[in-house]
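Undergrad: Handing you this structure, nothing more for now.
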Amino acid sequence: MVTYVNADSAPIKYTGQIKLYGPEGFAAMRKVCAITSECLDALNDIVKPGVTTNEIDRFVFEFGADRGVVPATLNYRGYTKSSCTSINHVVCHGIPDDKPLREGDIVNIDITFLQDGWYGDSSRMYAVGQIKRAAERLMEVTYESLLRGIAAVKPGAKTGAIGAAIQSYVESERCSAVRDFCGHGVGQLFHDAPNILHYGKATDGVEMREGMIFTIEPMINLGKPDVKVLKDGWTAVTRDRSLTAQYEHTIGVTKDGCEIFTLSPKNIFYTTTSK
């Protein structure tokens with residue numbers, strides 16, 4: 001039985017209840033998500049051939065430190081980095097290291113900053129130099145699927161409407177939606193109820209209500225949807241080693257739709273360079 005609770009009176013821990021936030025919660029999310037989005041904007045000038053993902057990770061940490069926020073992933077369940085950097089066939093949770101990015105790579109950078117107890121979560125794809133048309137098309141399809149999922153958000157609809165919109169679109173483009181990972185509630189917890197699936201039927205899931213805050217973060221593969229997690233316990237890759245892409249926004253449900261908290265200040269959420 002799904003229950004909803006006023007976030008102001010709910011404990012700051014996972015209870016399985018769906019928290020409903022008021023104006024103060026939305027204001028706090030705008031503030032922290034703006035910093036996350038500004039950092040993702042700034043990375044457009046950092047991501048290039050020869051740059052290591054550790055260098056990107058240090059930039060993320062320093063960007064946050066300069067603004068009085070901390071990366072939520074740092075020391076989260078033993079994770080030792082300030083971001084996730086997922087390259088080519090890495091679906092999510094790629095761990096930054098000293099391997100340089102190469103011309104033609106595509107990379108997802110996932111950042112969550114924590115400010116005054118509030119979590120701002122977003123990710124984007126970046127083209128490393130000139131990329132092939134297949135990679136560019138995958139990024140286009142994935143970004144469009146995110147927008148279609150967001151367009152399905154409104155009070156009274158089921159969360160399954162988000163997944164149905166994403167799945168139907170990406171499969172019409174001969175791609176597939178990953179089943180093993182999903183979006184999630186967020187706010188004063190990094191991961192909260194409900195789960196937001198990126199596939200399914202419009203009648204599935206829980207009812208969306210004004211005040212809910214959650215991420216939509218479709219992971220879309222050029223090949224089959226199957227993934228596996230490597231021995232490090234974090235890195236998830238496509239089983240068929242096909243290219244994969246992901247975009248993520250944090251949104252809040254409003255009385256007639258939703259507010260996107262993680263919009264790019266420079267309107268550069270989506271960029272590619274193909275050949």
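Starting from 1 in every chain, residues are counted up; chains themselves are A, B, ... following the order of the structure tokens, and ligands are numbered from 1 as listed.
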Using only C-alpha atoms, which residues sit within 12 Å of Ala134 in chain A once same-chain residues fewer than 5 positions away are excluded, as a compact mmCIF listing (two decimals) with N, CA, C and O atoms, in the first residue's frame?
TA:
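The result, stored in out-v4.txt:
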```txt
# COMPACT_ATOMS: atom_id res chain seq x y z
N ASN A 88 31.22 5.31 -23.35
CA ASN A 88 30.88 4.41 -24.45
C ASN A 88 29.88 3.31 -24.06
O ASN A 88 28.68 3.55 -24.04
N GLY A 104 36.35 10.64 -30.28
CA GLY A 104 35.25 9.77 -30.67
C GLY A 104 34.49 9.14 -29.53
O GLY A 104 33.44 8.54 -29.74
N ASP A 105 35.03 9.24 -28.31
CA ASP A 105 34.32 8.72 -27.14
C ASP A 105 33.06 9.55 -26.88
O ASP A 105 32.99 10.74 -27.22
N ILE A 106 32.09 8.93 -26.23
CA ILE A 106 31.00 9.67 -25.61
C ILE A 106 31.02 9.32 -24.13
O ILE A 106 31.32 8.19 -23.75
N MET A 139 22.65 9.71 -28.70
CA MET A 139 22.51 10.82 -27.76
C MET A 139 21.24 11.61 -28.04
O MET A 139 20.51 12.00 -27.11
N GLU A 140 20.93 11.82 -29.31
CA GLU A 140 19.71 12.54 -29.68
C GLU A 140 18.46 11.79 -29.21
O GLU A 140 17.54 12.38 -28.64
N VAL A 141 18.45 10.48 -29.45
CA VAL A 141 17.30 9.66 -29.05
C VAL A 141 17.15 9.65 -27.53
O VAL A 141 16.03 9.77 -27.00
N GLU A 173 12.75 3.87 -32.37
CA GLU A 173 14.02 4.30 -32.96
C GLU A 173 15.06 3.18 -32.97
O GLU A 173 16.25 3.42 -33.15
N ARG A 174 14.58 1.94 -32.72
CA ARG A 174 15.43 0.73 -32.76
C ARG A 174 16.53 0.77 -31.70
O ARG A 174 17.63 0.27 -31.90
N CYS A 175 16.19 1.33 -30.56
CA CYS A 175 17.06 1.31 -29.39
C CYS A 175 16.32 0.59 -28.26
O CYS A 175 15.19 0.16 -28.43
N ASN A 221 20.26 2.04 -24.81
CA ASN A 221 21.30 1.29 -25.51
C ASN A 221 21.01 1.21 -27.00
O ASN A 221 19.86 1.08 -27.41
N LEU A 222 22.08 1.21 -27.80
CA LEU A 222 21.92 0.95 -29.23
C LEU A 222 21.60 -0.52 -29.48
O LEU A 222 20.97 -0.86 -30.48
N GLY A 223 22.02 -1.38 -28.59
CA GLY A 223 21.76 -2.81 -28.70
C GLY A 223 20.66 -3.26 -27.76
O GLY A 223 19.66 -2.56 -27.56
N SER A 242 27.35 -2.76 -26.69
CA SER A 242 26.82 -1.71 -27.55
C SER A 242 26.93 -0.36 -26.83
O SER A 242 27.01 -0.29 -25.60
N LEU A 243 26.92 0.71 -27.62
CA LEU A 243 26.96 2.04 -27.04
C LEU A 243 25.73 2.30 -26.20
O LEU A 243 24.63 1.80 -26.48
N THR A 244 25.89 3.12 -25.18
CA THR A 244 24.78 3.49 -24.31
C THR A 244 24.90 4.96 -23.96
O THR A 244 25.99 5.55 -24.02
N ALA A 245 23.77 5.58 -23.65
CA ALA A 245 23.75 7.00 -23.29
C ALA A 245 22.72 7.24 -22.21
O ALA A 245 21.78 6.45 -22.03
N THR A 272 26.50 17.91 -29.44
CA THR A 272 27.30 16.83 -30.05
C THR A 272 28.12 17.41 -31.19
O THR A 272 27.85 18.49 -31.70
N THR A 273 29.13 16.67 -31.59
CA THR A 273 29.93 17.02 -32.77
C THR A 273 30.17 15.72 -33.53
O THR A 273 30.86 14.84 -33.04
N SER A 274 29.57 15.59 -34.70
CA SER A 274 29.66 14.31 -35.42
C SER A 274 30.59 14.41 -36.62
O SER A 274 31.01 15.48 -37.02
N LYS A 275 30.86 13.22 -37.20
CA LYS A 275 31.62 13.19 -38.45
C LYS A 275 31.02 12.14 -39.37
O LYS A 275 30.26 11.29 -38.96
```
Undergrad: Excluding Gln167 in chain A and its own-chain neighbours fewer than 6 positions away, which residues fall within 10 Å of it when counting only C-alpha atoms? Please give them as a PyMOL selection string.
TA: chain A and resi 145+148-149+161+173+175-178+197-201+218+220
Undergrad: Go through A:Ile95, A:Ile12, A:Val170, A:Ile131 one by one, measure the shortest atom-to-atom distance of each to Gly233 in chain A using only C-alpha atoms, and give the residue with the smallest value.
TA: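 Residue with the minimum atom-to-atom distance to Gly233 in chain A: A:Ile95.
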Undergrad: Could you pull out all residues of range 38-255 of chain A with a DSSP call of strand (DSSP E) and give them as a PyMOL selection string?
TA: chain A and resi 70-71+84-87+90-92+106-115+118-127+176-177+183-185+192-196+213-216+219-221+227-229+236-238+244-246+249-254
Undergrad: Mind checking DSSP for range 27-167 of chain A and telling me the alpha helix (DSSP H) residues as a PyMOL selection string?
TA: chain A and resi 27-42+53-66+133-151+160-167
Undergrad: Please save C-alpha atoms of the selected residues as a PDB file, in the first residue's frame.
TA:
```pdb
ATOM      1  CA  ALA A  27      13.125  26.639  -3.294  1.00  0.00           C
ATOM      2  CA  ALA A  28      15.930  24.611  -1.680  1.00  0.00           C
ATOM      3  CA  MET A  29      16.021  22.237  -4.652  1.00  0.00           C
ATOM      4  CA  ARG A  30      16.226  25.119  -7.121  1.00  0.00           C
ATOM      5  CA  LYS A  31      19.247  26.411  -5.237  1.00  0.00           C
ATOM      6  CA  VAL A  32      21.312  23.222  -5.083  1.00  0.00           C
ATOM      7  CA  CYS A  33      20.266  21.983  -8.536  1.00  0.00           C
ATOM      8  CA  ALA A  34      21.398  25.285 -10.041  1.00  0.00           C
ATOM      9  CA  ILE A  35      24.934  24.595  -8.795  1.00  0.00           C
ATOM     10  CA  THR A  36      24.858  21.073 -10.242  1.00  0.00           C
ATOM     11  CA  SER A  37      23.712  22.448 -13.601  1.00  0.00           C
ATOM     12  CA  GLU A  38      26.355  25.183 -13.580  1.00  0.00           C
ATOM     13  CA  CYS A  39      29.042  22.543 -13.032  1.00  0.00           C
ATOM     14  CA  LEU A  40      27.732  20.431 -15.899  1.00  0.00           C
ATOM     15  CA  ASP A  41      27.768  23.548 -18.102  1.00  0.00           C
ATOM     16  CA  ALA A  42      31.370  24.279 -17.123  1.00  0.00           C
ATOM     17  CA  THR A  53      38.224  11.246 -15.920  1.00  0.00           C
ATOM     18  CA  ASN A  54      40.184  11.790 -12.695  1.00  0.00           C
ATOM     19  CA  GLU A  55      40.885  15.333 -13.887  1.00  0.00           C
ATOM     20  CA  ILE A  56      37.160  15.773 -14.516  1.00  0.00           C
ATOM     21  CA  ASP A  57      36.435  14.414 -11.056  1.00  0.00           C
ATOM     22  CA  ARG A  58      38.858  16.847  -9.400  1.00  0.00           C
ATOM     23  CA  PHE A  59      37.217  19.704 -11.296  1.00  0.00           C
ATOM     24  CA  VAL A  60      33.810  18.647  -9.962  1.00  0.00           C
ATOM     25  CA  PHE A  61      35.097  18.503  -6.376  1.00  0.00           C
ATOM     26  CA  GLU A  62      36.798  21.899  -6.610  1.00  0.00           C
ATOM     27  CA  PHE A  63      33.783  23.475  -8.337  1.00  0.00           C
ATOM     28  CA  GLY A  64      31.611  22.383  -5.452  1.00  0.00           C
ATOM     29  CA  ALA A  65      34.118  23.405  -2.781  1.00  0.00           C
ATOM     30  CA  ASP A  66      34.301  26.919  -4.240  1.00  0.00           C
ATOM     31  CA  ARG A 133      26.895   9.553 -36.423  1.00  0.00           C
ATOM     32  CA  ALA A 134      25.672   6.412 -34.609  1.00  0.00           C
ATOM     33  CA  ALA A 135      26.853   7.857 -31.286  1.00  0.00           C
ATOM     34  CA  GLU A 136      25.324  11.224 -32.054  1.00  0.00           C
ATOM     35  CA  ARG A 137      21.999   9.642 -32.982  1.00  0.00           C
ATOM     36  CA  LEU A 138      21.979   7.639 -29.739  1.00  0.00           C
ATOM     37  CA  MET A 139      22.509  10.819 -27.761  1.00  0.00           C
ATOM     38  CA  GLU A 140      19.710  12.538 -29.677  1.00  0.00           C
ATOM     39  CA  VAL A 141      17.297   9.662 -29.052  1.00  0.00           C
ATOM     40  CA  THR A 142      18.206   9.467 -25.370  1.00  0.00           C
ATOM     41  CA  TYR A 143      17.758  13.189 -24.816  1.00  0.00           C
ATOM     42  CA  GLU A 144      14.431  13.177 -26.636  1.00  0.00           C
ATOM     43  CA  SER A 145      13.300  10.216 -24.533  1.00  0.00           C
ATOM     44  CA  LEU A 146      14.035  12.221 -21.377  1.00  0.00           C
ATOM     45  CA  LEU A 147      11.931  15.112 -22.673  1.00  0.00           C
ATOM     46  CA  ARG A 148       9.076  12.737 -23.517  1.00  0.00           C
ATOM     47  CA  GLY A 149       9.244  11.212 -20.063  1.00  0.00           C
ATOM     48  CA  ILE A 150       9.105  14.647 -18.464  1.00  0.00           C
ATOM     49  CA  ALA A 151       6.126  15.606 -20.647  1.00  0.00           C
ATOM     50  CA  GLY A 160       4.317   4.286 -15.422  1.00  0.00           C
ATOM     51  CA  ALA A 161       3.323   6.963 -17.919  1.00  0.00           C
ATOM     52  CA  ILE A 162       6.913   8.202 -17.781  1.00  0.00           C
ATOM     53  CA  GLY A 163       8.346   4.786 -18.580  1.00  0.00           C
ATOM     54  CA  ALA A 164       5.770   4.099 -21.270  1.00  0.00           C
ATOM     55  CA  ALA A 165       6.589   7.358 -23.049  1.00  0.00           C
ATOM     56  CA  ILE A 166      10.309   6.597 -22.942  1.00  0.00           C
ATOM     57  CA  GLN A 167      10.088   2.941 -23.957  1.00  0.00           C
TER      58      GLN A 167
END
```
Undergrad: Can you measure CA of Glu207 in chain A to CA of Phe181 in chain A for me? One decimal in Å is fine.
TA: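 So the answer is 20.3 Å.
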Undergrad: Looking at A:Asn44, A:Met1, A:Gly25, A:Tyr14, which one is nearest to Asn267 in chain A, with distances taken over only C-alpha atoms?
TA: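 Distance minimum relative to Asn267 in chain A lands on A:Asn44.
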Undergrad: Would you mind reading off the distance between CA of His184 in chain A and CA of Leu43 in chain A, one decimal, in Å?
TA: 24.6 Å
